[in-house]
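One file, structure-v3.pdb, is given below (PDB, C-alpha atoms, pLDDT in the B column).
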ATOM      1  CA  MET A   1      93.905 105.031 -88.375  1.00 66.00           C
ATOM      2  CA  PHE A   2      96.199 103.862 -85.582  1.00 82.00           C
ATOM      3  CA  ALA A   3      98.744 106.688 -85.809  1.00 91.00           C
ATOM      4  CA  GLN A   4     100.457 109.043 -88.224  1.00 92.00           C
ATOM      5  CA  LEU A   5     104.182 109.794 -88.386  1.00 94.00           C
ATOM      6  CA  GLY A   6     104.609 112.982 -90.384  1.00 93.00           C
ATOM      7  CA  SER A   7     102.525 112.359 -93.514  1.00 91.00           C
ATOM      8  CA  ILE A   8     102.853 108.557 -93.194  1.00 92.00           C
ATOM      9  CA  PRO A   9      99.620 106.962 -91.902  1.00 90.00           C
ATOM     10  CA  PHE A  10      99.536 103.639 -90.053  1.00 90.00           C
ATOM     11  CA  GLN A  11      96.052 102.229 -90.420  1.00 86.00           C
ATOM     12  CA  GLY A  12      94.160  98.976 -90.768  1.00 83.00           C
ATOM     13  CA  LEU A  13      96.476  95.984 -90.788  1.00 87.00           C
ATOM     14  CA  LYS A  14      99.444  98.316 -91.245  1.00 89.00           C
ATOM     15  CA  GLY A  15      99.518  99.227 -87.586  1.00 88.00           C
ATOM     16  CA  PHE A  16     102.133  98.668 -84.919  1.00 91.00           C
ATOM     17  CA  THR A  17     102.659  95.107 -83.695  1.00 91.00           C
ATOM     18  CA  GLN A  18     104.965  96.367 -80.955  1.00 93.00           C
ATOM     19  CA  PHE A  19     105.395  99.817 -79.431  1.00 91.00           C
ATOM     20  CA  SER A  20     107.711 100.610 -76.534  1.00 95.00           C
ATOM     21  CA  GLU A  21     109.058 103.809 -75.053  1.00 94.00           C
ATOM     22  CA  SER A  22     112.336 104.477 -73.272  1.00 95.00           C
ATOM     23  CA  ARG A  23     112.903 107.462 -71.004  1.00 95.00           C
ATOM     24  CA  SER A  24     116.058 108.136 -69.038  1.00 96.00           C
ATOM     25  CA  THR A  25     117.737 110.765 -66.914  1.00 96.00           C
ATOM     26  CA  ASN A  26     121.210 112.174 -67.450  1.00 95.00           C
ATOM     27  CA  LEU A  27     123.142 111.912 -64.178  1.00 96.00           C
ATOM     28  CA  ALA A  28     126.558 113.357 -63.324  1.00 96.00           C
ATOM     29  CA  GLU A  29     128.657 111.311 -60.922  1.00 96.00           C
ATOM     30  CA  HIS A  30     130.857 113.244 -58.485  1.00 96.00           C
ATOM     31  CA  PRO A  31     133.647 111.224 -56.832  1.00 96.00           C
ATOM     32  CA  ARG A  32     134.282 111.716 -53.127  1.00 95.00           C
ATOM     33  CA  ILE A  33     137.367 111.052 -51.067  1.00 95.00           C
ATOM     34  CA  GLU A  34     136.853 108.015 -48.836  1.00 91.00           C
ATOM     35  CA  GLY A  35     133.257 107.516 -49.866  1.00 92.00           C
ATOM     36  CA  LYS A  36     130.894 106.561 -52.577  1.00 95.00           C
ATOM     37  CA  PRO A  37     130.265 109.044 -55.377  1.00 95.00           C
ATOM     38  CA  ARG A  38     127.248 111.349 -55.310  1.00 96.00           C
ATOM     39  CA  LEU A  39     124.815 111.676 -58.173  1.00 95.00           C
ATOM     40  CA  GLN A  40     123.442 114.919 -59.532  1.00 96.00           C
ATOM     41  CA  ARG A  41     120.570 115.128 -61.980  1.00 96.00           C
ATOM     42  CA  VAL A  42     121.706 117.049 -65.059  1.00 95.00           C
ATOM     43  CA  GLY A  43     118.525 116.726 -67.091  1.00 94.00           C
ATOM     44  CA  SER A  44     116.377 114.369 -69.086  1.00 93.00           C
ATOM     45  CA  ASN A  45     117.671 112.471 -72.089  1.00 94.00           C
ATOM     46  CA  LEU A  46     115.737 112.376 -75.352  1.00 94.00           C
ATOM     47  CA  HIS A  47     112.873 109.882 -75.435  1.00 95.00           C
ATOM     48  CA  GLU A  48     113.166 106.880 -77.724  1.00 96.00           C
ATOM     49  CA  LEU A  49     110.380 104.818 -79.224  1.00 96.00           C
ATOM     50  CA  SER A  50     110.775 101.325 -80.642  1.00 97.00           C
ATOM     51  CA  ILE A  51     108.121 100.323 -83.159  1.00 95.00           C
ATOM     52  CA  SER A  52     107.635  97.075 -85.048  1.00 95.00           C
ATOM     53  CA  MET A  53     105.093  96.289 -87.745  1.00 95.00           C
ATOM     54  CA  LEU A  54     104.238  93.682 -90.323  1.00 95.00           C
ATOM     55  CA  LEU A  55     104.100  94.769 -93.957  1.00 95.00           C
ATOM     56  CA  HIS A  56     102.345  92.316 -96.286  1.00 95.00           C
ATOM     57  CA  ALA A  57     101.495  92.592 -99.971  1.00 94.00           C
ATOM     58  CA  SER A  58      97.849  91.754 -99.228  1.00 94.00           C
ATOM     59  CA  PHE A  59      97.314  95.209 -97.643  1.00 93.00           C
ATOM     60  CA  CYS A  60     100.257  97.405 -98.715  1.00 93.00           C
ATOM     61  CA  ASN A  61     103.357  97.564-100.882  1.00 94.00           C
ATOM     62  CA  PRO A  62     106.094  96.475 -98.442  1.00 95.00           C
ATOM     63  CA  GLU A  63     108.994  97.692-100.596  1.00 95.00           C
ATOM     64  CA  GLU A  64     107.467 101.148-101.168  1.00 95.00           C
ATOM     65  CA  ASP A  65     106.530 101.571 -97.502  1.00 95.00           C
ATOM     66  CA  TYR A  66     110.035 100.568 -96.422  1.00 96.00           C
ATOM     67  CA  ALA A  67     111.581 102.980 -98.964  1.00 96.00           C
ATOM     68  CA  THR A  68     109.410 105.864 -97.684  1.00 95.00           C
ATOM     69  CA  LEU A  69     110.446 105.292 -94.068  1.00 96.00           C
ATOM     70  CA  ASP A  70     114.094 104.735 -94.965  1.00 96.00           C
ATOM     71  CA  GLU A  71     114.163 107.991 -96.957  1.00 96.00           C
ATOM     72  CA  ALA A  72     112.863 109.824 -93.867  1.00 96.00           C
ATOM     73  CA  ARG A  73     115.665 108.180 -91.845  1.00 97.00           C
ATOM     74  CA  GLU A  74     118.320 109.070 -94.419  1.00 97.00           C
ATOM     75  CA  THR A  75     117.301 112.747 -94.508  1.00 96.00           C
ATOM     76  CA  ALA A  76     116.745 112.957 -90.713  1.00 95.00           C
ATOM     77  CA  GLU A  77     113.296 114.396 -91.404  1.00 95.00           C
ATOM     78  CA  ILE A  78     111.562 115.637 -88.271  1.00 95.00           C
ATOM     79  CA  LEU A  79     108.217 113.829 -88.082  1.00 95.00           C
ATOM     80  CA  PRO A  80     105.402 114.627 -85.648  1.00 95.00           C
ATOM     81  CA  LEU A  81     103.789 111.507 -84.172  1.00 94.00           C
ATOM     82  CA  VAL A  82     100.016 111.839 -83.766  1.00 94.00           C
ATOM     83  CA  LEU A  83      97.835 109.041 -82.404  1.00 91.00           C
ATOM     84  CA  ALA A  84      94.423 108.167 -83.820  1.00 89.00           C
ATOM     85  CA  ASN A  85      92.689 109.920 -80.907  1.00 92.00           C
ATOM     86  CA  GLY A  86      94.360 113.186 -81.999  1.00 91.00           C
ATOM     87  CA  VAL A  87      96.988 113.223 -79.255  1.00 92.00           C
ATOM     88  CA  TYR A  88     100.255 114.767 -80.444  1.00 92.00           C
ATOM     89  CA  VAL A  89     103.046 112.714 -78.851  1.00 91.00           C
ATOM     90  CA  SER A  90     106.145 114.661 -79.943  1.00 92.00           C
ATOM     91  CA  ASP A  91     108.446 115.244 -82.908  1.00 95.00           C
ATOM     92  CA  TYR A  92     110.758 112.371 -83.787  1.00 96.00           C
ATOM     93  CA  VAL A  93     113.542 111.418 -86.170  1.00 97.00           C
ATOM     94  CA  ILE A  94     113.918 107.827 -87.361  1.00 97.00           C
ATOM     95  CA  SER A  95     117.366 106.950 -85.991  1.00 97.00           C
ATOM     96  CA  SER A  96     117.450 103.341 -87.163  1.00 97.00           C
ATOM     97  CA  ILE A  97     115.399 100.992 -89.275  1.00 97.00           C
ATOM     98  CA  GLU A  98     115.668  97.244 -89.740  1.00 97.00           C
ATOM     99  CA  ARG A  99     113.738  94.905 -91.957  1.00 96.00           C
ATOM    100  CA  SER A 100     113.448  91.162 -91.952  1.00 96.00           C
ATOM    101  CA  VAL A 101     111.980  89.576 -95.094  1.00 95.00           C
ATOM    102  CA  GLN A 102     109.777  86.541 -94.413  1.00 95.00           C
ATOM    103  CA  GLN A 103     108.448  85.788 -97.876  1.00 95.00           C
ATOM    104  CA  THR A 104     109.104  86.662-101.524  1.00 94.00           C
ATOM    105  CA  ASP A 105     107.388  85.639-104.747  1.00 94.00           C
ATOM    106  CA  ALA A 106     108.987  83.812-107.691  1.00 94.00           C
ATOM    107  CA  GLN A 107     110.342  87.138-109.071  1.00 94.00           C
ATOM    108  CA  SER A 108     111.988  88.046-105.724  1.00 92.00           C
ATOM    109  CA  ASN A 109     109.392  90.713-104.917  1.00 92.00           C
ATOM    110  CA  ILE A 110     108.824  91.017-101.198  1.00 95.00           C
ATOM    111  CA  VAL A 111     105.490  89.613-100.088  1.00 95.00           C
ATOM    112  CA  SER A 112     105.972  89.893 -96.330  1.00 96.00           C
ATOM    113  CA  MET A 113     108.458  91.664 -94.064  1.00 96.00           C
ATOM    114  CA  THR A 114     108.757  92.713 -90.460  1.00 96.00           C
ATOM    115  CA  LEU A 115     109.937  96.276 -90.017  1.00 96.00           C
ATOM    116  CA  SER A 116     111.472  97.596 -86.804  1.00 97.00           C
ATOM    117  CA  MET A 117     112.501 101.180 -86.268  1.00 97.00           C
ATOM    118  CA  THR A 118     113.767 103.369 -83.494  1.00 97.00           C
ATOM    119  CA  LEU A 119     112.532 106.939 -83.222  1.00 97.00           C
ATOM    120  CA  LYS A 120     114.493 109.525 -81.273  1.00 97.00           C
ATOM    121  CA  GLU A 121     112.749 112.607 -79.920  1.00 96.00           C
ATOM    122  CA  SER A 122     113.625 115.810 -81.729  1.00 93.00           C
ATOM    123  CA  PHE A 123     113.298 118.287 -78.896  1.00 84.00           C
ATOM    124  CA  ASN A 124     113.382 121.919 -79.898  1.00 78.00           C
ATOM    125  CA  PRO A 125     113.184 124.445 -77.047  1.00 74.00           C
ATOM    126  CA  ASN A 126     112.715 127.186 -79.647  1.00 72.00           C
ATOM    127  CA  PRO A 127     109.980 126.021 -82.065  1.00 62.00           C
ATOM    128  CA  GLN A 128     110.816 128.910 -84.422  1.00 60.00           C
ATOM    129  CA  GLN A 129     114.146 127.252 -85.256  1.00 53.00           C
ATOM    130  CA  THR A 130     114.410 124.251 -87.534  1.00 51.00           C
ATOM    131  CA  LEU A 131     117.002 121.473 -87.431  1.00 49.00           C
ATOM    132  CA  SER A 132     118.874 123.024 -90.379  1.00 50.00           C
ATOM    133  CA  THR A 133     119.116 126.483 -88.752  1.00 49.00           C
ATOM    134  CA  MET A 134     120.383 125.018 -85.482  1.00 47.00           C
ATOM    135  CA  ALA A 135     123.534 123.545 -87.094  1.00 48.00           C
TER
END
Write-out of the structure in structure tokens:
Amino acid sequence: MFAQLGSIPFQGLKGFTQFSESRSTNLAEHPRIEGKPRLQRVGSNLHELSISMLLHASFCNPEEDYATLDEARETAEILPLVLANGVYVSDYVISSIERSVQQTDAQSNIVSMTLSMTLKESFNPNPQQTLSTMA
């Protein structure tokens, strides 16, 4: 297994073909008379992960796998990301998902697609609260 997102395993050929992380800092800009503005660190922004993968009918059902991930995006399900070595990365929500179909069969079933998704960190300073109770 390469990684697991919630209960969704990524293993064998259904692993990530691209994985990148974005971290940023939230800065407030304070204007000054007759000078350049000053910056003040306000805090860290939520981490974002970009993941791409190839889904092919020879090792998975591309349409079912896409539907599973898209359902998690639609419901904003909070998914823990755990790597194969057991390292818990963080909790994430799928904020966007994009698919590009490369090949279909004669009945228009998808044979091969590239799937790209963006995960946004779901930071919870109080682990006893859930996303639904925070609203």
- request: Just say which residues the PyMOL selection byres ((chain A and resi 23) around 12) picks in this file, as a PyMOL selection string.
  value: chain A and resi 20-22+24-26+43-50+120-121
- request: Step by step, work through what the PyMOL selection byres ((chain A and resi 96-111) around 9) selects in the shown file, and finish by giving those residues as a ChimeraX atom specification.
  value: /A:55-58,61-63,66,69-70,73,94-95,112-119
message: Using only C-alpha atoms - which residues lie no farther than 10 Å from the point (104.1, 103.4, -87.4) in the file's frame? Write them as number ranges by chain.
response: A: 2-5, 8-11, 14-19, 50-53, 69, 81, 83, 115-117
message: I'd like to know which of A:Gln40, A:Ser7, A:Ser122, A:Thr68 is closest to A:Ser90, using all atoms listed in the file.
response: A:Ser122
- prompt: Mind pulling up the distance from atom CA of A:Gly6 to atom CA of A:Gly86?
  reply: 13.2 Å
